[in-house]
Every structure is written in structure tokens, then in C-alpha cells.
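S.K.: Pasting a structure here, questions to come.
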Amino acid sequence: MSTSTTAPILPATLAAPAPPVVHDSGADTAPGVIVIDSCTTLGSTLVVHLAGEIDHYSAAPLRALLASAADNGCIGLVLDTSRVTFCDSGLLAVLRWWPRHGRRLRLANRSRAVQRLLDAAAAAGQQVARAGSPTVAVTS
């Protein structure tokens, strides 16, 4: 039984309804950031130094650059990935797309992230690269 002299069990601040809880899935929905550090041509070969993160979204500028280079007659591509900190299937898609139509691709100075991606693809039965020297040709 309660009387007017009895204090409430909960203070007024705790008795107020709680704001709705937003559950975070943990997934980062922001696109990664890829930096095309430098881009030069040597004859009909394009040399690109990449840095940052390469995912499905951030690979779009790289795909556009490579499509333009292919349209302008580049048949060789050297990708220096020594400064790539993260990559996923977005990079694999680029690596599989370029060698079509007889174009050549070489990966130079692969970062740990790129090597892990290539190893995972090989373990899944997707032949992406031949074993060999630090500069590896990627097959389609």
C-alpha cells in the first residue's frame, strides 16, 4: 500500500521511458578509400601504384581508369599494390577483367592484404595467379 508520504521505488529519471535502441549490425557501410598514388605509361603499358582499401565500391574509379586505358590502346598493366591495406572481391574482379582480349597484367610488390586475397582465392579453387617471383602474372 502506498501513501503520499512514501517515496517512489524508482527515481523519476529512471522511470521515464528509455529511448529506442538502435542495433548496429557491425558492418561498415561506408565505402573504402582507394588512392591511385601514381599512374604512368611506358609505351602501351600502364603502371599504377595503389594505396588504401579496395572493395566493391572503391574499385569503381580503378575500373574506370583501366577501361579508359584499354580504350586508348594500353595492353599491359603493372599494378603496384605495396601500399594496399585491405582488399576483397572488388580487386579480384579487376584482376580478372583486365587480361581479357589478350591484355597482360602483372602484380608488383604485393602487400600482405593482396597476398591474403590471392591465397584465399586459390584455396577456394579460383586460379588467380601463378606461383613464382614477387612479380606475378595474373591469368584470366
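Going through the C-alpha cells in order, the chains are called A, B, and so on, while each chain numbers its residues from 1 and the ligands are numbered from 1 in the order shown.
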Wanna dump the range 82-123 of chain A-range 38-59 of chain A contacts at 6 Å for me, each residue with its shortest atom pair and the distance in Å to one decimal, counting only C-alpha atoms, ordered by chain and number, as CSV?

M.R.:
residue,atom,partner,partner_atom,distance
A:Arg83,CA,A:Ala51,CA,4.5
A:Val84,CA,A:Ala51,CA,4.5
A:Thr85,CA,A:Gly52,CA,5.4
A:Phe86,CA,A:Glu53,CA,4.6
A:Cys87,CA,A:Ile54,CA,4.5
A:Asp88,CA,A:Asp55,CA,5.4
A:Gly90,CA,A:His56,CA,4.2

S.K.: Would you mind telling me which residue in A:Asn109, A:Ser82, A:Gln115, A:Ser89 lies nearest to Asp37 in chain A when using only C-alpha atoms?

M.R.: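 Ranking A:Asn109, A:Ser82, A:Gln115, A:Ser89 by distance to Asp37 in chain A, first place goes to A:Ser82.
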
S.K.: Which of these residues is nearest to Asp119 in chain A, using only C-alpha atoms: A:Leu92, A:Val33, A:Arg104, A:Pro99?

M.R.: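 The answer is A:Leu92, which sits nearest to Asp119 in chain A.
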
S.K.: Which value, in Å to one decimal, gives the distance between CA of Ala122 in chain A and CA of Ile34 in chain A?

M.R.: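 Going from CA of Ala122 in chain A over to CA of Ile34 in chain A, I get 24.0 Å.
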
S.K.: Could you pull out all residues of range 64-112 of chain A with a DSSP call of alpha helix (DSSP H) and give them as a ChimeraX atom specification?

M.R.: /A:64-71,89-97,112

S.K.: Counting only C-alpha atoms, figure out which residue out of A:Ala108, A:Leu91, A:Arg100, A:Ala124 gets nearest to Ala70 in chain A.

M.R.: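 Comparing A:Ala108, A:Leu91, A:Arg100, A:Ala124 against Ala70 in chain A, the winner is A:Arg100.
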